Each structure stands twice: as C-alpha cells, then as structure tokens.
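Peer 1: Supplied structure: entry-v9.txt, compact mmCIF, C-alpha atoms and all ligand atoms.
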```txt
# COMPACT_ATOMS: atom_id res chain seq x y z
CA MET A 1 4.93 -39.08 -3.03
CA ALA A 2 4.14 -37.54 0.39
CA SER A 3 4.01 -33.75 0.35
CA LYS A 4 6.78 -31.93 2.16
CA PRO A 5 6.24 -30.55 5.68
CA ILE A 6 5.41 -26.84 5.72
CA HIS A 7 7.37 -24.47 7.95
CA LEU A 8 5.67 -21.12 8.53
CA ILE A 9 8.20 -18.46 9.46
CA PRO A 10 8.20 -14.61 9.58
CA THR A 11 8.20 -13.09 6.07
CA LYS A 12 11.54 -11.34 6.70
CA ASP A 13 13.16 -14.68 7.57
CA LEU A 14 11.54 -16.32 4.54
CA TYR A 15 13.18 -13.85 2.14
CA ALA A 16 16.50 -13.94 4.01
CA ARG A 17 16.61 -17.65 3.11
CA TRP A 18 14.84 -17.51 -0.29
CA ALA A 19 17.10 -14.74 -1.67
CA LYS A 20 19.89 -17.17 -2.68
CA VAL A 21 17.59 -19.12 -4.99
CA TYR A 22 14.72 -16.69 -5.64
CA ASP A 23 15.87 -16.05 -9.20
CA SER A 24 16.57 -19.66 -10.06
CA ASP A 25 14.15 -21.98 -8.25
CA GLY A 26 11.58 -22.17 -11.05
CA ASN A 27 8.70 -20.39 -9.25
CA ILE A 28 5.94 -20.20 -11.84
CA LEU A 29 5.16 -16.49 -11.41
CA HIS A 30 8.65 -15.03 -11.64
CA ARG A 31 10.92 -17.78 -13.04
CA PRO A 32 13.91 -16.20 -14.72
CA VAL A 33 13.10 -16.43 -18.38
CA THR A 34 11.94 -13.63 -20.58
CA GLU A 35 8.45 -15.07 -20.68
CA SER A 36 7.51 -15.71 -17.05
CA ILE A 37 3.91 -14.72 -16.38
CA ASP A 38 4.83 -11.56 -14.48
CA ASP A 39 7.59 -10.66 -16.97
CA ALA A 40 5.28 -11.16 -19.93
CA LEU A 41 2.35 -9.15 -18.61
CA LEU A 42 4.07 -6.31 -16.79
CA PRO A 43 5.31 -4.34 -19.84
CA SER A 44 1.82 -3.41 -21.08
CA LEU A 45 0.86 -2.24 -17.58
CA LEU A 46 4.03 -0.14 -17.37
CA THR A 47 3.38 1.41 -20.79
CA GLN A 48 -0.17 2.26 -19.75
CA ALA A 49 1.03 3.70 -16.43
CA PHE A 50 3.66 5.93 -18.02
CA SER A 51 1.01 7.36 -20.35
CA LEU A 52 -1.07 8.31 -17.29
CA VAL A 53 1.63 10.19 -15.37
CA PRO A 54 0.40 13.80 -15.35
CA SER A 55 2.45 16.07 -17.59
CA SER A 56 2.31 18.64 -14.78
CA PHE A 57 4.71 16.47 -12.74
CA SER A 58 8.31 17.58 -12.78
CA PHE A 59 10.55 15.42 -14.96
CA PRO A 60 12.79 13.47 -14.76
CA LEU A 61 10.37 11.26 -12.90
CA THR A 62 10.95 9.56 -9.56
CA ILE A 63 9.69 5.96 -9.37
CA THR A 64 9.42 4.09 -6.09
CA GLU A 65 9.25 0.32 -6.01
CA LEU A 66 7.63 -1.24 -2.94
CA GLY A 67 9.05 -4.73 -2.36
CA ALA A 68 11.73 -4.56 -5.07
CA GLY A 69 13.07 -7.98 -4.08
CA THR A 70 16.06 -9.08 -6.18
CA GLY A 71 15.50 -6.23 -8.63
CA ARG A 72 13.83 -8.47 -11.24
CA ASN A 73 11.58 -5.58 -12.26
CA THR A 74 13.76 -2.72 -10.99
CA VAL A 75 16.08 -3.27 -13.94
CA LYS A 76 13.15 -2.85 -16.33
CA LEU A 77 12.85 0.73 -15.07
CA LEU A 78 16.47 1.41 -16.05
CA GLN A 79 15.93 0.57 -19.73
CA PRO A 80 15.41 3.52 -22.07
CA ARG A 81 11.73 4.29 -22.62
CA GLU A 82 10.51 6.55 -25.38
CA GLY A 83 8.98 9.80 -24.19
CA VAL A 84 9.71 9.20 -20.49
CA GLU A 85 12.68 10.52 -18.58
CA ILE A 86 13.28 8.68 -15.32
CA GLY A 87 15.62 10.41 -12.87
CA ASN A 88 15.51 8.30 -9.72
CA VAL A 89 14.36 4.83 -8.83
CA ILE A 90 13.87 4.21 -5.12
CA ALA A 91 13.89 0.49 -4.35
CA LEU A 92 12.36 -0.47 -0.99
CA ASP A 93 12.32 -3.94 0.53
CA LEU A 94 11.93 -5.70 3.86
CA SER A 95 14.84 -8.02 3.16
CA ALA A 96 18.49 -6.93 3.17
CA GLU A 97 19.38 -10.22 1.46
CA MET A 98 16.97 -9.64 -1.45
CA LEU A 99 18.12 -6.02 -1.79
CA ALA A 100 21.78 -7.06 -1.93
CA ILE A 101 20.98 -9.05 -5.08
CA ALA A 102 18.96 -6.15 -6.51
CA LYS A 103 21.93 -3.83 -5.96
CA SER A 104 24.35 -6.05 -7.79
CA ARG A 105 21.87 -6.68 -10.62
CA CYS A 106 21.27 -2.95 -11.12
CA SER A 107 24.93 -2.02 -10.87
CA SER A 108 25.95 -4.59 -13.46
CA LEU A 109 23.32 -3.15 -15.79
CA THR A 110 24.26 0.49 -15.26
CA SER A 111 28.00 -0.26 -15.51
CA THR A 112 27.50 -1.72 -19.00
CA SER A 113 24.90 0.85 -20.08
CA THR A 114 25.69 3.03 -23.06
CA LEU A 115 23.04 5.56 -22.06
CA ALA A 116 24.28 9.09 -21.51
CA SER A 117 22.48 9.18 -18.17
CA SER A 118 20.88 6.13 -16.54
CA PRO A 119 18.38 6.67 -13.75
CA LYS A 120 20.00 6.68 -10.30
CA VAL A 121 18.85 3.81 -8.10
CA TYR A 122 18.67 4.10 -4.32
CA PHE A 123 18.07 1.07 -2.10
CA TYR A 124 16.47 1.18 1.32
CA GLU A 125 15.42 -1.51 3.77
CA PHE A 126 11.82 -0.77 4.68
CA ASP A 127 9.00 -2.56 6.45
CA ALA A 128 5.58 -1.33 5.37
CA LEU A 129 4.23 -2.75 8.64
CA GLN A 130 6.52 -0.48 10.68
CA PRO A 131 7.07 2.67 8.61
CA SER A 132 8.01 4.88 11.56
CA SER A 133 11.12 2.74 12.12
CA PHE A 134 12.43 3.93 8.72
CA PRO A 135 12.72 7.74 8.89
CA GLU A 136 14.96 7.84 5.78
CA VAL A 137 12.10 6.35 3.77
CA GLN A 138 9.49 8.55 5.41
CA ALA A 139 11.54 11.53 4.21
CA LEU A 140 10.89 10.33 0.63
CA GLU A 141 7.10 10.39 0.95
CA GLY A 142 5.16 12.29 -1.71
CA GLN A 143 8.01 12.20 -4.25
CA ALA A 144 7.03 9.38 -6.60
CA GLY A 145 5.13 10.00 -9.81
CA LEU A 146 4.80 6.24 -10.19
CA VAL A 147 4.92 3.34 -7.73
CA LEU A 148 5.59 -0.22 -8.88
CA SER A 149 4.78 -3.17 -6.62
CA THR A 150 4.87 -6.70 -8.05
CA LEU A 151 3.90 -9.85 -6.11
CA VAL A 152 4.10 -8.03 -2.76
CA LEU A 153 0.45 -7.38 -1.85
CA GLU A 154 0.07 -11.00 -0.75
CA HIS A 155 2.26 -10.22 2.29
CA LEU A 156 0.42 -7.14 3.51
CA PRO A 157 -2.99 -6.19 4.87
CA LEU A 158 -4.86 -4.40 2.06
CA LYS A 159 -5.23 -1.13 3.93
CA ILE A 160 -1.52 -1.01 4.76
CA PHE A 161 -0.57 -1.75 1.16
CA PHE A 162 -2.66 1.09 -0.29
CA SER A 163 -2.00 3.61 2.49
CA THR A 164 1.77 3.02 2.17
CA ILE A 165 1.63 3.60 -1.58
CA LYS A 166 -0.57 6.64 -1.13
CA LYS A 167 2.09 8.18 1.12
CA LEU A 168 4.88 7.44 -1.36
CA LEU A 169 3.00 8.89 -4.36
CA LYS A 170 2.31 12.45 -5.39
CA GLU A 171 -1.40 13.27 -5.69
CA GLY A 172 -2.42 12.20 -9.21
CA GLY A 173 0.42 9.66 -9.32
CA VAL A 174 0.08 6.18 -10.76
CA LEU A 175 0.40 2.68 -9.27
CA VAL A 176 1.28 -0.50 -11.15
CA MET A 177 0.57 -3.59 -9.09
CA THR A 178 0.59 -7.34 -9.67
CA ASN A 179 -0.25 -10.14 -7.26
CA MET A 180 -0.84 -13.85 -6.90
CA HIS A 181 -4.47 -14.61 -7.89
CA ALA A 182 -6.84 -15.81 -5.16
CA GLU A 183 -7.41 -19.07 -7.09
CA MET A 184 -3.72 -19.87 -6.62
CA GLY A 185 -3.53 -18.29 -3.15
CA ARG A 186 -6.24 -20.62 -1.86
CA LEU A 187 -3.99 -23.57 -2.76
CA SER A 188 -0.53 -22.17 -2.09
CA ARG A 189 1.41 -19.15 -0.87
CA ALA A 190 4.79 -17.50 -1.49
CA GLY A 191 7.59 -19.78 -0.40
CA PHE A 192 10.21 -22.27 -1.54
CA THR A 193 11.67 -25.68 -0.82
CA ASP A 194 14.64 -25.59 1.54
CA ILE A 195 16.52 -27.95 3.81
CA ASP A 196 15.13 -28.04 7.34
CA MET A 197 17.62 -26.08 9.44
CA GLU A 198 17.25 -28.36 12.48
CA SER A 199 17.64 -31.77 10.88
CA GLY A 200 19.98 -30.45 8.19
CA ASN A 201 18.72 -32.93 5.57
CA VAL A 202 14.89 -33.04 5.37
CA LYS A 203 13.33 -30.97 2.56
CA VAL A 204 10.59 -28.62 3.77
CA LYS A 205 8.38 -25.97 2.22
CA VAL A 206 9.20 -22.64 3.85
CA GLN A 207 6.47 -20.01 3.75
CA GLY A 208 5.84 -16.57 5.29
CA ASP A 209 2.81 -14.44 6.15
CA SER A 210 0.34 -14.45 3.31
CA PHE A 211 -3.17 -13.13 2.60
CA VAL A 212 -5.53 -14.31 -0.14
CA TYR A 213 -7.32 -11.43 -1.86
CA GLU A 214 -10.18 -11.48 -4.32
CA ILE A 215 -9.89 -8.91 -7.08
CA GLU A 216 -13.08 -7.11 -6.01
CA GLU A 217 -11.76 -6.53 -2.50
CA VAL A 218 -8.45 -5.24 -3.84
CA VAL A 219 -10.22 -2.72 -6.08
CA GLU A 220 -12.50 -1.68 -3.21
CA ALA A 221 -9.61 -1.29 -0.75
CA GLY A 222 -7.81 0.87 -3.31
CA ARG A 223 -10.92 2.99 -3.75
CA GLU A 224 -11.15 3.53 0.01
CA GLU A 225 -7.63 5.00 -0.04
CA GLY A 226 -8.39 7.22 -3.04
CA PHE A 227 -7.20 5.03 -5.94
CA GLU A 228 -9.26 4.41 -9.06
CA MET A 229 -8.46 1.57 -11.41
CA VAL A 230 -7.69 2.72 -14.94
CA GLY A 231 -8.39 0.27 -17.77
CA GLU A 232 -8.82 -3.43 -17.22
CA MET A 233 -7.78 -5.78 -14.45
CA LEU A 234 -5.54 -8.31 -16.24
CA GLN A 235 -5.85 -11.91 -15.06
CA ARG A 236 -3.82 -14.89 -16.19
CA GLY A 237 -4.45 -18.57 -15.77
CA VAL A 238 -2.14 -21.43 -16.72
CA ALA A 239 -2.93 -23.25 -19.96
CA GLU A 240 -1.51 -26.62 -21.04
CA GLY A 241 0.59 -24.87 -23.67
CA ASP A 242 2.32 -22.82 -20.96
CA VAL A 243 3.87 -25.88 -19.33
CA GLY A 244 7.58 -26.14 -20.05
CA LEU A 245 7.80 -22.63 -21.45
CA MET A 246 5.93 -19.92 -19.59
CA VAL A 247 5.58 -21.77 -16.29
CA GLY A 248 8.20 -24.54 -16.50
CA GLU A 249 7.47 -28.18 -15.62
CA ARG A 250 6.30 -27.14 -12.14
CA GLY A 251 3.40 -25.34 -13.81
CA MET A 252 1.65 -28.62 -14.70
CA LYS A 253 -0.27 -28.72 -11.42
CA TRP A 254 -1.60 -25.20 -12.06
CA VAL A 255 -3.21 -25.88 -15.45
CA GLY A 256 -6.74 -24.43 -15.41
CA VAL A 257 -6.04 -22.23 -12.37
CA LYS A 258 -5.82 -18.43 -12.44
CA VAL A 259 -2.48 -17.53 -10.88
CA TRP A 260 -1.86 -13.81 -11.50
CA PHE A 261 -3.59 -10.48 -11.71
CA GLY A 262 -2.34 -6.98 -12.30
CA CYS A 263 -3.60 -3.48 -12.98
CA VAL A 264 -2.89 0.24 -13.07
CA MET A 265 -4.49 2.60 -10.56
CA ARG A 266 -4.37 6.37 -10.26
CA LEU A 267 -4.34 8.25 -6.97
CA GLY A 268 -6.95 10.95 -6.66
CA GLY A 269 -8.57 10.34 -10.01
CA ARG A 270 -7.18 13.60 -11.38
CA GLY A 271 -6.86 13.53 -15.18
CA LYS A 272 -3.78 14.60 -17.14
C1 LIG A 301 7.45 -12.36 -4.02
S1 LIG A 301 8.66 -11.16 -3.64
C2 LIG A 301 8.49 -10.06 -5.03
C3 LIG A 301 9.78 -9.35 -5.33
C4 LIG A 301 9.75 -8.55 -6.64
N1 LIG A 301 8.84 -7.46 -6.56
C5 LIG A 301 9.40 -9.46 -7.80
O1 LIG A 301 8.32 -9.27 -8.38
O2 LIG A 301 10.20 -10.36 -8.10
C6 LIG A 301 7.92 -10.20 -2.36
C7 LIG A 301 8.84 -9.12 -1.81
O3 LIG A 301 8.10 -8.30 -0.87
C8 LIG A 301 8.95 -7.97 0.21
N2 LIG A 301 8.13 -7.66 1.39
C9 LIG A 301 7.35 -8.53 2.06
N3 LIG A 301 6.78 -7.92 3.13
C10 LIG A 301 7.20 -6.63 3.09
C11 LIG A 301 6.99 -5.50 3.94
N4 LIG A 301 6.26 -5.61 5.07
N5 LIG A 301 7.57 -4.32 3.62
C12 LIG A 301 8.36 -4.23 2.50
N6 LIG A 301 8.62 -5.27 1.68
C13 LIG A 301 8.05 -6.46 1.97
C14 LIG A 301 9.80 -9.22 0.40
O4 LIG A 301 10.98 -8.98 1.13
C15 LIG A 301 10.05 -9.66 -1.04
O5 LIG A 301 11.24 -9.15 -1.58
```
Could I get this structure in the form of structure tokens?
Ligand SMILES: C[S@@+](CC[C@H](N)C(=O)[O-])C[C@H]1O[C@@H](n2cnc3c(N)ncnc32)[C@H](O)[C@@H]1O
Peer 2:
Amino acid sequence: MASKPIHLIPTKDLYARWAKVYDSDGNILHRPVTESIDDALLPSLLTQAFSLVPSSFSFPLTITELGAGTGRNTVKLLQPREGVEIGNVIALDLSAEMLAIAKSRCSSLTSTSTLASSPKVYFYEFDALQPSSFPEVQALEGQAGLVLSTLVLEHLPLKIFFSTIKKLLKEGGVLVMTNMHAEMGRLSRAGFTDIDMESGNVKVKVQGDSFVYEIEEVVEAGREEGFEMVGEMLQRGVAEGDVGLMVGERGMKWVGVKVWFGCVMRLGGRGK
C-alpha cells in the first residue's frame, strides 16, 4: 500500500488538530492503556526524582510540567504519594486545544477525589520559543522543586529546552524528562493521520517541527545548562512480545527499534 502524503505544519497547528484524537489514536509511545511505554517507565523516574528533591525546599512542593499536553501525566501528579506533599501543579503547553483536554481530565479526577486536599492545578498557554510573550508564566520562574517534561524535547532546540527548565526550577531542583529515541526519530516524528483539509477526503500524515537527538548530546546540552544526570538513562526498544499489548498492532513495524528514553537530572548538582 502506498504511504500517505506527509503534511508538515507548525507544531501549534499540529496539536490544535491532534488534540481531538491524541488520547485515542494508538500512538505507540503514549497510547491510552496502563502499559504504554511512557506510562510504564515514567513511575520509576518519578519515584527517583521525588527522592532527590532537597529537604531544604519548602513543602508542599510546586511541580511545573512543560508541555503537559492532554494531561496524560499531569493526573499522575495528583495521585497521593507517600512522603511527598504536592501543593501546586503548573501545567504549561503551547496548545490551547491540548490544555482544554488536560483541564477536563484533571477536574474530573479532583472532583471524584477523596483526598482531604488535592494539589491545585493551574493551566497556562506557553511557548518555550517565545517566553517573553507569556509574562504570567515568567512570573512563575524559580518556583518549581520538580519539572516534568514528557515527549516534548523533540519539538525544541536542546538549549531552549534546558534553559527554559532551568528558569522554571529552583536551584537544586529536579527534572524528569522522556523523549522519542533517535532510532525512532530518524524514521518518524510526532504526528498523526488526518483528513487533508483541502480535499476533505484524502488521508495524510500531519507532522510538526521535530528534532532528532542522540542521548549523548542531550546529556551534554543539559550539562552545559548546569544539569547533571542522576542514575541511569533508561532506554526502551520494541520487542515482539510488546505488539498488541504495550505498543498495539501499530507497534509491529517498530520491533527491534529503540523508541524511548528517559532520565532524571538535577540542577546545580547540589546534594540533599
Ligand atoms: C507529544 S506531546 C506530549 C504531551 C504530554 N507531555 C504527554 O506526554 O502525553 C508534546 C506536547 O508539547 C507541546 N509543545 C510543543 N512545542 C512546545 C513549545 N514550544 N512550548 C510549549 N509546549 C510545546 C505540544 O503542544 C504538545 O502538547
């Protein structure tokens, strides 16, 4: 079967269109089952990160999420976590359409929560490429003890990614990041299948701005902005046994390819 035409569009426009199916289109990294690759591997990184937050920070903790998307991982920050009190979660994203879904997902969770006090979640549109256009977000700089950013790095120049997170974090704060692996990025990029808006019936692959990063250059770019990696860089490839479960049927073409990496980094290398 001939492959679909590719339409490259601005990243903001990509997510404006992708938002309606982002949580249901079977993307192998974030497909909406409990065991998607990112869902399965993020919890251990979060646990590690929480253990690294300096006890000198004031609690309850503020967490900022860069590129919160539809709130897939934002809701994980609202679950009770032993030994950690989270006060505020600040969810930033380029796309109003993605954030609208995140808002409704978080409010349905907090409205049914039996917790005495759930973290408060604040949502802001924000473009890391034009931070000065978002003074409300700039006012929040230096407040986060922890920054979470999953599957976002692909859309940003490395220096901008790390310098943005550095501004959001307190000195000594902790970053949890995940990204598409370069082995996958060399063959594909973030995007989805949609109907061509001009013809109204042809299926096209819609994709946005995307960079392919090797792990070594990510670690080095972090180091240049003052981040040190703590523990291991996790990497995940697709195995035959993942098809149907972890990566759905669409994962078949990725068997044998590394598709994901993730790690924890600390700003300033200051110990607890
Ligand atoms: C692949 S989605 C990941 C969403 C979510 N973190 C997750 O793991 O499901 C990438 C997200 O990054 C956001 N994004 C892309 N470029 C951005 C920028 N320049 N500033 C802020 N967010 C951006 C997009 O709007 C999108 O929601």
Peer 1: Return the single residue from A:Gly241, A:Gly208, A:Gly173, A:Pro60 that is closest to ligand LIG 301 (chain A), with distances computed using only C-alpha atoms and all ligand atoms.
Peer 2: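 Closest residue, counting only C-alpha atoms and all ligand atoms: A:Gly208.
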Peer 1: May I ask you to write as a CSV table (one decimal) with C-alpha atoms, keeping the file's coordinate frame all residues lying at most 6 Å from ligand LIG 301 (chain A), with only C-alpha atoms and all ligand atoms counted?
Peer 2:
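Wrote pocket_32.csv, looks like this:
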```
chain,number,residue,atom,x,y,z
A,15,TYR,CA,13.2,-13.8,2.1
A,67,GLY,CA,9.0,-4.7,-2.4
A,68,ALA,CA,11.7,-4.6,-5.1
A,69,GLY,CA,13.1,-8.0,-4.1
A,72,ARG,CA,13.8,-8.5,-11.2
A,93,ASP,CA,12.3,-3.9,0.5
A,94,LEU,CA,11.9,-5.7,3.9
A,95,SER,CA,14.8,-8.0,3.2
A,98,MET,CA,17.0,-9.6,-1.4
A,126,PHE,CA,11.8,-0.8,4.7
A,127,ASP,CA,9.0,-2.6,6.4
A,128,ALA,CA,5.6,-1.3,5.4
A,129,LEU,CA,4.2,-2.8,8.6
A,149,SER,CA,4.8,-3.2,-6.6
A,150,THR,CA,4.9,-6.7,-8.0
A,151,LEU,CA,3.9,-9.8,-6.1
A,152,VAL,CA,4.1,-8.0,-2.8
A,155,HIS,CA,2.3,-10.2,2.3
```
Peer 1: Pick the closest to A:Ile28 from A:Ala49, A:Leu267, A:Val259, A:Val174: which is it, counting only C-alpha atoms?
Peer 2: A:Val259
Peer 1: Got a sec to check which residues sit within 12 Å of (6.9, -26.4, -18.5), counting all atoms listed in the file, and write them as a VMD selection string?
Peer 2: chain A and resid 26 to 28 31 33 35 to 36 238 to 255
Peer 1: Looking at A:Pro54, A:Gly268, A:Gly200, A:Gly145, which one is nearest to A:Ile86, with distances taken over only C-alpha atoms?
Peer 2: A:Gly145
Peer 1: Residues near A:Thr164, anyone? I mean within 10 Å using only C-alpha atoms, not counting same-chain ones fewer than 6 positions away, as a list in words.
Peer 2: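 Residues near the query, excluding close chain neighbours: Leu66, Ala128, Leu129, Pro131, Glu141, Leu158 and Glu225 of chain A.
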Peer 1: Can you work out the spacing between atom CA of A:Trp260 and atom CA of A:Ser108 in Å, to one decimal?
Peer 2: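 About the pair atom CA of A:Trp260 and atom CA of A:Ser108: they are 29.4 Å apart.
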Peer 1: So which one's closest to A:Cys263, A:Gly142, A:Pro119, A:Pro43, A:Gly71? Using all atoms listed in the file, please.
Peer 2: A:Pro43
